[in-house]
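J.: Pasting coords-v4.cif below, which is mmCIF, C-alpha atoms and all ligand atoms.
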data_target
loop_
_atom_site.group_PDB
_atom_site.id
_atom_site.type_symbol
_atom_site.label_atom_id
_atom_site.label_comp_id
_atom_site.auth_asym_id
_atom_site.auth_seq_id
_atom_site.Cartn_x
_atom_site.Cartn_y
_atom_site.Cartn_z
ATOM 1 C CA MET P 1 -2.554 -1.514 28.927
ATOM 2 C CA ASP P 2 -6.062 -1.874 27.459
ATOM 3 C CA ARG P 3 -6.972 -1.836 23.764
ATOM 4 C CA GLY P 4 -8.019 1.832 23.748
ATOM 5 C CA SER P 5 -4.795 3.005 25.366
ATOM 6 C CA LEU P 6 -2.723 0.909 22.975
ATOM 7 C CA LEU P 7 -4.521 2.380 19.967
ATOM 8 C CA GLU P 8 -3.940 5.867 21.379
ATOM 9 C CA GLU P 9 -0.268 5.040 21.838
ATOM 10 C CA MET P 10 -0.013 3.861 18.212
ATOM 11 C CA TYR P 11 -1.654 7.081 17.077
ATOM 12 C CA ARG P 12 0.723 9.135 19.195
ATOM 13 C CA VAL P 13 4.013 7.586 18.034
ATOM 14 C CA VAL P 14 3.084 8.353 14.422
ATOM 15 C CA TYR P 15 1.490 11.741 15.016
ATOM 16 C CA GLU P 16 4.479 12.892 17.073
ATOM 17 C CA GLY P 17 6.973 11.150 14.766
ATOM 18 C CA GLU P 18 8.490 9.092 17.593
ATOM 19 C CA VAL P 19 10.287 6.773 15.187
ATOM 20 C CA HIS P 20 12.393 4.972 17.809
ATOM 21 C CA ARG P 21 9.290 3.894 19.800
ATOM 22 C CA ALA P 22 7.086 2.675 16.941
ATOM 23 C CA ALA P 23 8.310 -0.940 16.768
ATOM 24 C CA ALA P 24 8.024 -1.410 20.543
ATOM 25 C CA VAL P 25 4.459 -0.091 20.540
ATOM 26 C CA ALA P 26 3.517 -2.449 17.695
ATOM 27 C CA GLU P 27 5.076 -5.380 19.561
ATOM 28 C CA ARG P 28 3.178 -4.497 22.719
ATOM 29 C CA ALA P 29 -0.082 -4.360 20.777
ATOM 30 C CA LEU P 30 0.470 -7.792 19.231
ATOM 31 C CA GLU P 31 1.408 -9.240 22.615
ATOM 32 C CA ALA P 32 -1.849 -7.852 23.989
ATOM 33 C CA GLY P 33 -3.701 -9.785 21.284
ATOM 34 C CA LEU P 34 -4.656 -6.943 18.934
ATOM 35 C CA ASP P 35 -5.202 -7.811 15.299
ATOM 36 C CA PRO P 36 -2.421 -6.422 13.026
ATOM 37 C CA LEU P 37 -4.965 -4.908 10.635
ATOM 38 C CA GLU P 38 -6.779 -3.217 13.465
ATOM 39 C CA CYS P 39 -3.438 -1.762 14.594
ATOM 40 C CA LEU P 40 -2.914 -0.323 11.122
ATOM 41 C CA ASP P 41 -6.419 0.998 10.479
ATOM 42 C CA LEU P 42 -7.315 2.338 13.914
ATOM 43 C CA GLY P 43 -3.877 3.265 15.179
ATOM 44 C CA PHE P 44 -0.888 3.899 12.941
ATOM 45 C CA MET P 45 -2.661 4.763 9.661
ATOM 46 C CA LYS P 46 -5.275 6.929 11.299
ATOM 47 C CA ALA P 47 -2.457 9.122 12.606
ATOM 48 C CA LEU P 48 -0.624 9.176 9.271
ATOM 49 C CA GLN P 49 -3.841 10.236 7.575
ATOM 50 C CA GLN P 50 -4.183 13.122 10.037
ATOM 51 C CA VAL P 51 -0.567 14.195 9.537
ATOM 52 C CA GLY P 52 -1.250 14.183 5.784
ATOM 53 C CA VAL P 53 -4.283 16.420 6.245
ATOM 54 C CA GLU P 54 -2.306 18.833 8.420
ATOM 55 C CA PHE P 55 0.579 18.809 5.940
ATOM 56 C CA GLY P 56 -1.949 19.749 3.252
ATOM 57 C CA THR P 57 -3.238 22.691 5.289
ATOM 58 C CA GLY P 58 0.262 23.886 6.191
ATOM 59 C CA GLU P 59 0.009 23.032 9.904
ATOM 60 C CA LYS P 60 2.711 20.368 9.621
ATOM 61 C CA PHE P 61 5.900 20.440 7.571
ATOM 62 C CA LEU P 62 7.852 17.975 5.467
ATOM 63 C CA PRO P 63 10.226 16.783 8.249
ATOM 64 C CA GLU P 64 7.161 15.917 10.367
ATOM 65 C CA LEU P 65 5.601 14.061 7.445
ATOM 66 C CA VAL P 66 8.847 12.146 6.913
ATOM 67 C CA ALA P 67 9.069 11.218 10.617
ATOM 68 C CA ALA P 68 5.449 10.062 10.711
ATOM 69 C CA ALA P 69 5.957 7.896 7.615
ATOM 70 C CA GLU P 70 9.161 6.436 9.067
ATOM 71 C CA ALA P 71 7.343 5.558 12.295
ATOM 72 C CA VAL P 72 4.705 3.673 10.266
ATOM 73 C CA GLN P 73 7.410 1.813 8.343
ATOM 74 C CA ARG P 74 9.029 0.684 11.632
ATOM 75 C CA ALA P 75 5.660 -0.535 12.897
ATOM 76 C CA LEU P 76 5.035 -2.352 9.614
ATOM 77 C CA GLN P 77 8.271 -4.294 10.068
ATOM 78 C CA VAL P 78 6.755 -5.773 13.221
ATOM 79 C CA LEU P 79 3.229 -6.301 11.865
ATOM 80 C CA GLU P 80 4.082 -7.788 8.463
ATOM 81 C CA PRO P 81 5.420 -11.170 9.660
ATOM 82 C CA ARG P 82 2.130 -11.671 11.498
ATOM 83 C CA LEU P 83 0.227 -11.111 8.266
ATOM 84 C CA ALA P 84 2.646 -13.275 6.324
ATOM 85 C CA ALA P 85 2.198 -16.155 8.778
ATOM 86 C CA LEU P 86 -1.182 -16.844 7.195
ATOM 87 C CA ARG P 87 0.423 -17.244 3.796
ATOM 88 C CA SER P 88 2.302 -20.524 4.074
ATOM 89 C CA ARG P 89 -0.855 -22.534 4.623
ATOM 90 C CA ARG P 90 -2.491 -21.354 1.420
ATOM 91 C CA GLN P 91 -2.058 -22.380 -2.167
ATOM 92 C CA ALA P 92 -0.729 -19.670 -4.495
ATOM 93 C CA LEU P 93 -3.631 -17.972 -6.242
ATOM 94 C CA GLY P 94 -1.505 -16.191 -8.798
ATOM 95 C CA ARG P 95 1.500 -13.959 -9.188
ATOM 96 C CA VAL P 96 1.240 -10.213 -8.674
ATOM 97 C CA VAL P 97 3.964 -7.794 -9.746
ATOM 98 C CA LEU P 98 3.496 -4.610 -7.794
ATOM 99 C CA GLY P 99 5.116 -1.191 -7.610
ATOM 100 C CA THR P 100 4.745 2.566 -7.273
ATOM 101 C CA VAL P 101 5.038 4.354 -10.592
ATOM 102 C CA GLU P 102 7.943 6.458 -11.797
ATOM 103 C CA GLY P 103 8.448 9.814 -10.078
ATOM 104 C CA ASP P 104 6.580 8.673 -6.979
ATOM 105 C CA ILE P 105 8.295 7.457 -3.797
ATOM 106 C CA HIS P 106 5.196 6.816 -1.656
ATOM 107 C CA GLU P 107 5.491 3.213 -0.563
ATOM 108 C CA ILE P 108 3.405 2.571 2.540
ATOM 109 C CA GLY P 109 0.039 1.901 0.861
ATOM 110 C CA LYS P 110 1.613 -0.271 -1.806
ATOM 111 C CA ARG P 111 3.463 -2.200 0.876
ATOM 112 C CA ILE P 112 0.246 -2.867 2.808
ATOM 113 C CA VAL P 113 -1.514 -3.960 -0.384
ATOM 114 C CA GLY P 114 1.378 -6.355 -1.048
ATOM 115 C CA SER P 115 1.221 -7.752 2.490
ATOM 116 C CA LEU P 116 -2.499 -8.426 2.332
ATOM 117 C CA LEU P 117 -2.261 -9.977 -1.120
ATOM 118 C CA GLY P 118 0.495 -12.213 0.208
ATOM 119 C CA ALA P 119 -1.578 -13.121 3.240
ATOM 120 C CA ALA P 120 -4.498 -13.948 0.943
ATOM 121 C CA GLY P 121 -2.359 -16.438 -0.960
ATOM 122 C CA PHE P 122 -0.900 -14.483 -3.873
ATOM 123 C CA GLU P 123 2.767 -14.606 -4.704
ATOM 124 C CA VAL P 124 3.824 -10.965 -4.650
ATOM 125 C CA VAL P 125 6.877 -9.485 -6.318
ATOM 126 C CA ASP P 126 7.302 -5.932 -5.054
ATOM 127 C CA LEU P 127 9.372 -3.785 -7.417
ATOM 128 C CA GLY P 128 9.510 -0.911 -4.943
ATOM 129 C CA VAL P 129 8.947 2.751 -5.694
ATOM 130 C CA ASP P 130 9.771 5.089 -8.585
ATOM 131 C CA VAL P 131 9.474 2.203 -11.037
ATOM 132 C CA PRO P 132 9.815 3.113 -14.746
ATOM 133 C CA ALA P 133 7.175 1.815 -17.169
ATOM 134 C CA GLY P 134 9.753 -0.335 -18.953
ATOM 135 C CA THR P 135 10.661 -2.137 -15.730
ATOM 136 C CA PHE P 136 7.009 -2.981 -15.048
ATOM 137 C CA LEU P 137 6.759 -4.483 -18.528
ATOM 138 C CA GLU P 138 10.024 -6.425 -18.358
ATOM 139 C CA ARG P 139 9.294 -7.907 -14.944
ATOM 140 C CA ALA P 140 5.676 -8.762 -15.766
ATOM 141 C CA ARG P 141 6.794 -10.550 -18.917
ATOM 142 C CA GLU P 142 9.738 -12.359 -17.371
ATOM 143 C CA LEU P 143 7.763 -13.471 -14.295
ATOM 144 C CA GLN P 144 4.632 -14.304 -16.303
ATOM 145 C CA ALA P 145 2.607 -12.214 -13.897
ATOM 146 C CA ASP P 146 -1.137 -12.742 -13.657
ATOM 147 C CA ILE P 147 -1.638 -9.242 -12.285
ATOM 148 C CA LEU P 148 0.315 -6.036 -12.539
ATOM 149 C CA GLY P 149 -0.391 -3.597 -9.689
ATOM 150 C CA LEU P 150 0.335 0.098 -10.137
ATOM 151 C CA SER P 151 0.236 2.443 -7.173
ATOM 152 C CA ALA P 152 0.324 6.259 -7.515
ATOM 153 C CA LEU P 153 -0.082 8.830 -4.739
ATOM 154 C CA LEU P 154 0.413 12.068 -6.610
ATOM 155 C CA THR P 155 -1.922 13.678 -9.115
ATOM 156 C CA THR P 156 1.177 14.278 -11.219
ATOM 157 C CA THR P 157 2.240 10.605 -11.275
ATOM 158 C CA MET P 158 -1.194 9.084 -11.942
ATOM 159 C CA GLU P 159 -0.486 9.740 -15.601
ATOM 160 C CA ARG P 160 2.288 7.122 -15.443
ATOM 161 C CA GLN P 161 -0.382 4.496 -14.811
ATOM 162 C CA ARG P 162 -1.911 5.358 -18.173
ATOM 163 C CA GLU P 163 1.500 5.040 -19.815
ATOM 164 C CA VAL P 164 2.202 1.600 -18.335
ATOM 165 C CA ILE P 165 -1.221 0.303 -19.357
ATOM 166 C CA ALA P 166 -0.845 1.608 -22.910
ATOM 167 C CA ARG P 167 2.516 -0.141 -23.202
ATOM 168 C CA VAL P 168 1.171 -3.378 -21.724
ATOM 169 C CA ARG P 169 -1.664 -3.391 -24.283
ATOM 170 C CA GLN P 170 0.646 -2.449 -27.124
ATOM 171 C CA ALA P 171 2.998 -5.298 -26.221
ATOM 172 C CA GLY P 172 0.013 -7.691 -26.023
ATOM 173 C CA LEU P 173 1.025 -8.909 -22.562
ATOM 174 C CA PRO P 174 -1.546 -11.312 -21.093
ATOM 175 C CA VAL P 175 -1.635 -9.597 -17.699
ATOM 176 C CA ARG P 176 -4.479 -7.927 -15.821
ATOM 177 C CA VAL P 177 -3.682 -4.442 -14.545
ATOM 178 C CA MET P 178 -5.033 -3.068 -11.281
ATOM 179 C CA VAL P 179 -4.510 0.484 -10.093
ATOM 180 C CA GLY P 180 -4.812 2.272 -6.775
ATOM 181 C CA GLY P 181 -3.513 5.076 -4.585
ATOM 182 C CA ALA P 182 -5.111 8.030 -2.814
ATOM 183 C CA PRO P 183 -5.923 10.204 -5.874
ATOM 184 C CA VAL P 184 -7.004 7.261 -8.053
ATOM 185 C CA THR P 185 -10.714 6.671 -8.690
ATOM 186 C CA ALA P 186 -12.830 4.103 -10.481
ATOM 187 C CA SER P 187 -13.528 6.539 -13.296
ATOM 188 C CA TRP P 188 -9.817 7.234 -13.739
ATOM 189 C CA ALA P 189 -9.165 3.491 -13.868
ATOM 190 C CA GLU P 190 -11.818 3.124 -16.531
ATOM 191 C CA GLU P 191 -10.498 6.073 -18.512
ATOM 192 C CA ILE P 192 -6.965 4.655 -18.681
ATOM 193 C CA GLY P 193 -8.133 1.135 -19.502
ATOM 194 C CA ALA P 194 -7.202 -0.616 -16.243
ATOM 195 C CA ASP P 195 -8.826 -3.966 -15.487
ATOM 196 C CA GLY P 196 -9.731 -2.817 -12.010
ATOM 197 C CA TYR P 197 -9.401 -0.239 -9.256
ATOM 198 C CA ALA P 198 -9.259 -0.818 -5.520
ATOM 199 C CA GLU P 199 -9.806 1.854 -2.911
ATOM 200 C CA ASP P 200 -7.858 0.120 -0.152
ATOM 201 C CA ALA P 201 -5.852 -3.005 0.582
ATOM 202 C CA THR P 202 -8.858 -5.157 1.494
ATOM 203 C CA ALA P 203 -10.603 -4.175 -1.729
ATOM 204 C CA ALA P 204 -7.366 -4.899 -3.593
ATOM 205 C CA VAL P 205 -7.473 -8.500 -2.367
ATOM 206 C CA GLU P 206 -11.095 -8.923 -3.474
ATOM 207 C CA LEU P 207 -10.286 -7.380 -6.836
ATOM 208 C CA ALA P 208 -7.216 -9.573 -7.341
ATOM 209 C CA ARG P 209 -9.282 -12.660 -6.557
ATOM 210 C CA ARG P 210 -11.849 -11.597 -9.150
ATOM 211 C CA LEU P 211 -9.152 -10.895 -11.717
ATOM 212 C CA VAL P 212 -7.758 -14.416 -11.412
ATOM 213 C CA GLY P 213 -11.247 -15.909 -11.372
ATOM 214 C CA VAL P 214 -11.496 -16.898 -7.712
ATOM 215 C CA GLU P 215 -14.917 -16.352 -6.150
ATOM 216 C CA ARG P 216 -15.313 -14.160 -3.095
ATOM 217 C CA CYS P 217 -14.869 -16.128 0.120
ATOM 218 C CA GLY P 218 -16.669 -15.774 3.441
HETATM 219 CO CO1 LIG J 301 3.419 12.802 0.333
HETATM 220 N N1 LIG J 301 1.856 13.625 -0.496
HETATM 221 N N2 LIG J 301 4.581 13.920 -0.746
HETATM 222 N N3 LIG J 301 4.849 11.972 1.323
HETATM 223 N N4 LIG J 301 2.092 12.041 1.428
HETATM 224 C C1 LIG J 301 0.549 13.064 -0.166
HETATM 225 C C2 LIG J 301 0.142 11.991 -1.178
HETATM 226 C C3 LIG J 301 -0.377 14.358 -0.206
HETATM 227 C C4 LIG J 301 -1.845 14.073 -0.518
HETATM 228 C C5 LIG J 301 -0.199 15.154 1.117
HETATM 229 C C6 LIG J 301 -0.977 16.432 1.161
HETATM 230 O O1 LIG J 301 -0.610 17.395 0.541
HETATM 231 N N5 LIG J 301 -2.066 16.458 1.922
HETATM 232 C C7 LIG J 301 0.349 15.192 -1.338
HETATM 233 C C8 LIG J 301 -0.116 14.899 -2.784
HETATM 234 C C9 LIG J 301 -0.892 16.052 -3.388
HETATM 235 C C10 LIG J 301 -1.291 15.753 -4.803
HETATM 236 O O2 LIG J 301 -0.689 15.073 -5.564
HETATM 237 N N6 LIG J 301 -2.400 16.347 -5.146
HETATM 238 C C11 LIG J 301 1.801 14.784 -1.123
HETATM 239 C C12 LIG J 301 2.918 15.546 -1.544
HETATM 240 C C13 LIG J 301 2.622 16.901 -2.150
HETATM 241 C C14 LIG J 301 4.233 15.081 -1.418
HETATM 242 C C15 LIG J 301 5.527 15.772 -1.891
HETATM 243 C C16 LIG J 301 5.460 16.427 -3.272
HETATM 244 C C17 LIG J 301 5.912 16.786 -0.765
HETATM 245 C C18 LIG J 301 7.115 17.637 -1.044
HETATM 246 O O3 LIG J 301 8.192 17.154 -1.288
HETATM 247 N N7 LIG J 301 6.873 18.929 -1.021
HETATM 248 C C19 LIG J 301 6.542 14.604 -1.876
HETATM 249 C C20 LIG J 301 6.561 13.836 -3.218
HETATM 250 C C21 LIG J 301 7.643 12.787 -3.245
HETATM 251 C C22 LIG J 301 7.519 11.892 -4.475
HETATM 252 O O4 LIG J 301 6.874 10.876 -4.423
HETATM 253 N N8 LIG J 301 8.150 12.284 -5.569
HETATM 254 C C23 LIG J 301 5.946 13.747 -0.809
HETATM 255 C C24 LIG J 301 6.711 12.953 0.043
HETATM 256 C C25 LIG J 301 6.187 12.176 1.059
HETATM 257 C C26 LIG J 301 7.056 11.426 2.080
HETATM 258 C C27 LIG J 301 8.317 10.834 1.435
HETATM 259 C C28 LIG J 301 7.462 12.381 3.164
HETATM 260 C C29 LIG J 301 6.024 10.397 2.666
HETATM 261 C C30 LIG J 301 6.072 9.008 2.000
HETATM 262 C C31 LIG J 301 7.010 8.068 2.737
HETATM 263 C C32 LIG J 301 6.960 6.672 2.212
HETATM 264 O O5 LIG J 301 6.007 6.199 1.644
HETATM 265 N N9 LIG J 301 8.076 5.993 2.434
HETATM 266 C C33 LIG J 301 4.694 11.050 2.317
HETATM 267 C C34 LIG J 301 3.457 10.704 2.921
HETATM 268 C C35 LIG J 301 3.535 9.743 4.087
HETATM 269 C C36 LIG J 301 2.222 11.208 2.469
HETATM 270 C C37 LIG J 301 0.806 11.001 3.068
HETATM 271 C C38 LIG J 301 0.722 11.841 4.332
HETATM 272 C C39 LIG J 301 0.419 9.598 3.434
HETATM 273 C C40 LIG J 301 0.580 8.567 2.312
HETATM 274 C C41 LIG J 301 0.408 7.207 2.934
HETATM 275 O O6 LIG J 301 1.368 6.486 3.143
HETATM 276 N N10 LIG J 301 -0.838 6.899 3.332
HETATM 277 C C42 LIG J 301 -0.120 11.532 1.902
HETATM 278 C C43 LIG J 301 -1.438 12.116 2.367
HETATM 279 C C44 LIG J 301 -2.588 11.159 2.088
HETATM 280 O O7 LIG J 301 -2.540 10.297 1.241
HETATM 281 N N11 LIG J 301 -3.659 11.361 2.789
HETATM 282 C C45 LIG J 301 0.820 12.339 1.098
HETATM 283 C C46 LIG J 301 -1.171 5.662 4.032
HETATM 284 C C47 LIG J 301 -1.451 4.564 3.045
HETATM 285 C C48 LIG J 301 -1.891 3.307 3.776
HETATM 286 O O8 LIG J 301 -2.498 4.993 2.210
HETATM 287 O O9 LIG J 301 -0.953 5.249 0.233
HETATM 288 O O10 LIG J 301 -3.405 5.933 0.093
HETATM 289 P P1 LIG J 301 -2.373 5.035 0.634
HETATM 290 O O11 LIG J 301 -2.687 3.537 0.217
HETATM 291 C C49 LIG J 301 -3.965 2.947 0.425
HETATM 292 C C50 LIG J 301 -4.912 3.136 -0.772
HETATM 293 O O12 LIG J 301 -4.662 4.298 -1.533
HETATM 294 C C51 LIG J 301 -4.791 1.861 -1.523
HETATM 295 O O13 LIG J 301 -4.575 0.901 -0.512
HETATM 296 C C52 LIG J 301 -3.708 1.461 0.485
HETATM 297 C C53 LIG J 301 -3.983 0.802 1.797
HETATM 298 O O14 LIG J 301 -5.305 0.986 2.215
HETATM 299 N N12 LIG J 301 -3.732 1.681 -2.520
HETATM 300 C C54 LIG J 301 -3.871 0.764 -3.508
HETATM 301 C C55 LIG J 301 -2.514 2.238 -2.618
HETATM 302 N N13 LIG J 301 -1.861 1.722 -3.655
HETATM 303 C C56 LIG J 301 -2.659 0.804 -4.215
HETATM 304 C C57 LIG J 301 -2.468 -0.031 -5.306
HETATM 305 C C58 LIG J 301 -3.518 -0.891 -5.664
HETATM 306 C C59 LIG J 301 -4.711 -0.905 -4.957
HETATM 307 C C60 LIG J 301 -4.910 -0.090 -3.861
HETATM 308 O O15 LIG J 301 -3.434 -1.734 -6.691
HETATM 309 C C61 LIG J 301 -2.216 -1.864 -7.353
#
What would the structure in this file look like if it were written as structure tokens?
Ligand code: B1M
T.:
Amino acid sequence: MDRGSLLEEMYRVVYEGEVHRAAAVAERALEAGLDPLECLDLGFMKALQQVGVEFGTGEKFLPELVAAAEAVQRALQVLEPRLAALRSRRQALGRVVLGTVEGDIHEIGKRIVGSLLGAAGFEVVDLGVDVPAGTFLERARELQADILGLSALLTTTMERQREVIARVRQAGLPVRVMVGGAPVTASWAEEIGADGYAEDATAAVELARRLVGVERCG
């Protein structure tokens, strides 16, 4: 199968919610020599984005959204080790504690951000989803995190980012806070006092490098 057909296949398994086929399609793509990031951006995520748009307009329903997200998660299980393989050869750049804020169970974007940060040489501690502000603080303190990463996908949960940052500042924790997620913008990040905002996972890596004082590479 050529690259174009493989990308179409990746799109299809997510768009149609063919959960059971997603891992096999990802494996086939890697065997054919496709880059794992290309698989995500041009195949799996492109479809998830479209399902999200159609969910927003009422053309698709929650069970279809759930199936599409599950298909992406299955594909990620195959792609992540390939990203992580880069990690072992690099020196740790810093420790990032990452999670999706309380009330929010969207995990795919945060997971990809974590994978790329790991591949770039950061030690990543992923707290998961629906993480209360207090847990972010406790874990950042106990792990002496260099960076705290807060993901939020809902306009209603973005406010939790503000709460975590206020508590981090109040506690005087020496940690840099980065925020992201579909509804998050640079001006929101500035308003809530974050140290940085990243639009996507690649930008998150560049931002994290800046926050720990490592110059841009390449
Ligand atoms: Co939900 N959902 N969802 N959803 N969902 C959205 C966000 C929505 C925009 C869909 C829509 O209406 N068009 C909408 C939000 C509307 C709003 O707030 N204004 C929405 C809604 C309404 C809901 C529910 C309320 C639906 C319901 O129950 N009626 C519900 C809420 C549940 C909750 O959290 N309490 C819900 C549930 C779900 C599922 C569980 C079914 C599923 C998530 C499954 C999972 O994650 N395990 C889901 C999905 C899949 C989506 C969409 C379609 C896709 C999200 C995603 O994974 N994108 C989404 C539509 C959309 O965003 N276009 C939608 C792919 C991912 C790679 O992108 O997460 O943006 P993203 O991450 C990017 C960047 O944002 C950035 O880098 C990532 C990689 O490039 N980034 C960071 C993310 N975090 C970062 C952190 C950083 C830096 C960068 O630093 C720390």
J.: Please, what distance in Å, to one decimal, runs between atom C2 of ligand LIG 301 (chain J) and atom CA of Arg111 of chain P?
T.: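 According to the coordinates, atom C2 of ligand LIG 301 (chain J) and atom CA of Arg111 of chain P are separated by 14.7 Å.
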J.: Identify all residues satisfying the PyMOL selection byres (((not hetatm)) within 7 of (chain J and resi 301)) in the given file; provide them as an MDAnalysis selection string.
T.: chainID P and resid 45 48:49 51:56 62 65:66 68:70 98 103:110 112:113 149:156 178:182 197:201 204
J.: Have a look at P:Ala189, P:Leu211, P:Val184, P:Val14 and name the one nearest to Ile147 of chain P; count all atoms listed in the file.
T.: P:Leu211
J.: Just the residues within 7 Å of segment 16-21 of chain P, please, counting all atoms listed in the file, with nothing from its chain fewer than 3 positions along; format it as a ChimeraX atom specification.
T.: /P:12-13,24-25,64,67-68,70-71
J.: Do you have the atom CA of Gly99 of chain P-atom CA of Phe136 of chain P distance handy?
T.: 7.9 Å
J.: Determine the nearest neighbour of Gly121 of chain P from the options P:Leu7, P:Ala75, P:Ala92, P:Leu173, counting all atoms listed in the file.
T.: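 Checking each candidate against Gly121 of chain P, we get P:Ala92 as the closest.
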J.: Which residue gives the smallest distance to Glu206 of chain P among P:Leu117, P:Val101, P:Ala133, P:Val168, with all atoms listed in the file counted?
T.: P:Leu117
J.: As a check of understanding, name the residues that the PyMOL selection byres (((chain P and resi 125) around 9) and not hetatm) selects in the supplied structure, as a PyMOL selection string.
T.: chain P and resi 95-99+114+123-124+126-127+143
J.: Quick one, how far is atom CA of Asp130 of chain P from atom CA of Val72 of chain P?
T.: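 Rounded to one decimal, the two atoms are 19.6 Å apart.
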J.: Identify the residues within 6 Å of coordinate (-3.2, -13.5, -16.5) (same frame as the file), considering all atoms listed in the file, and give the answer as a PyMOL selection string.
T.: chain P and resi 146+174-176
J.: Would you list the contacts of Cys39 of chain P as a PyMOL selection string, taking every protein, DNA or RNA residue within 10 Å and counting all atoms listed in the file, but skipping same-chain residues closer than 3 positions in sequence?
T.: chain P and resi 3+6-7+10-11+26+29-30+34-36+42-46+75-76+79
J.: Edge lengths and centre in Å to one decimal, as AutoDock Vina command-line options, of the axis-aligned box that encloses all listed atoms of segment 30-47 of chain P with 5 Å added on every side?
T.:
--center_x -3.0 --center_y -0.3 --center_z 16.8 --size_x 18.7 --size_y 28.9 --size_z 24.3
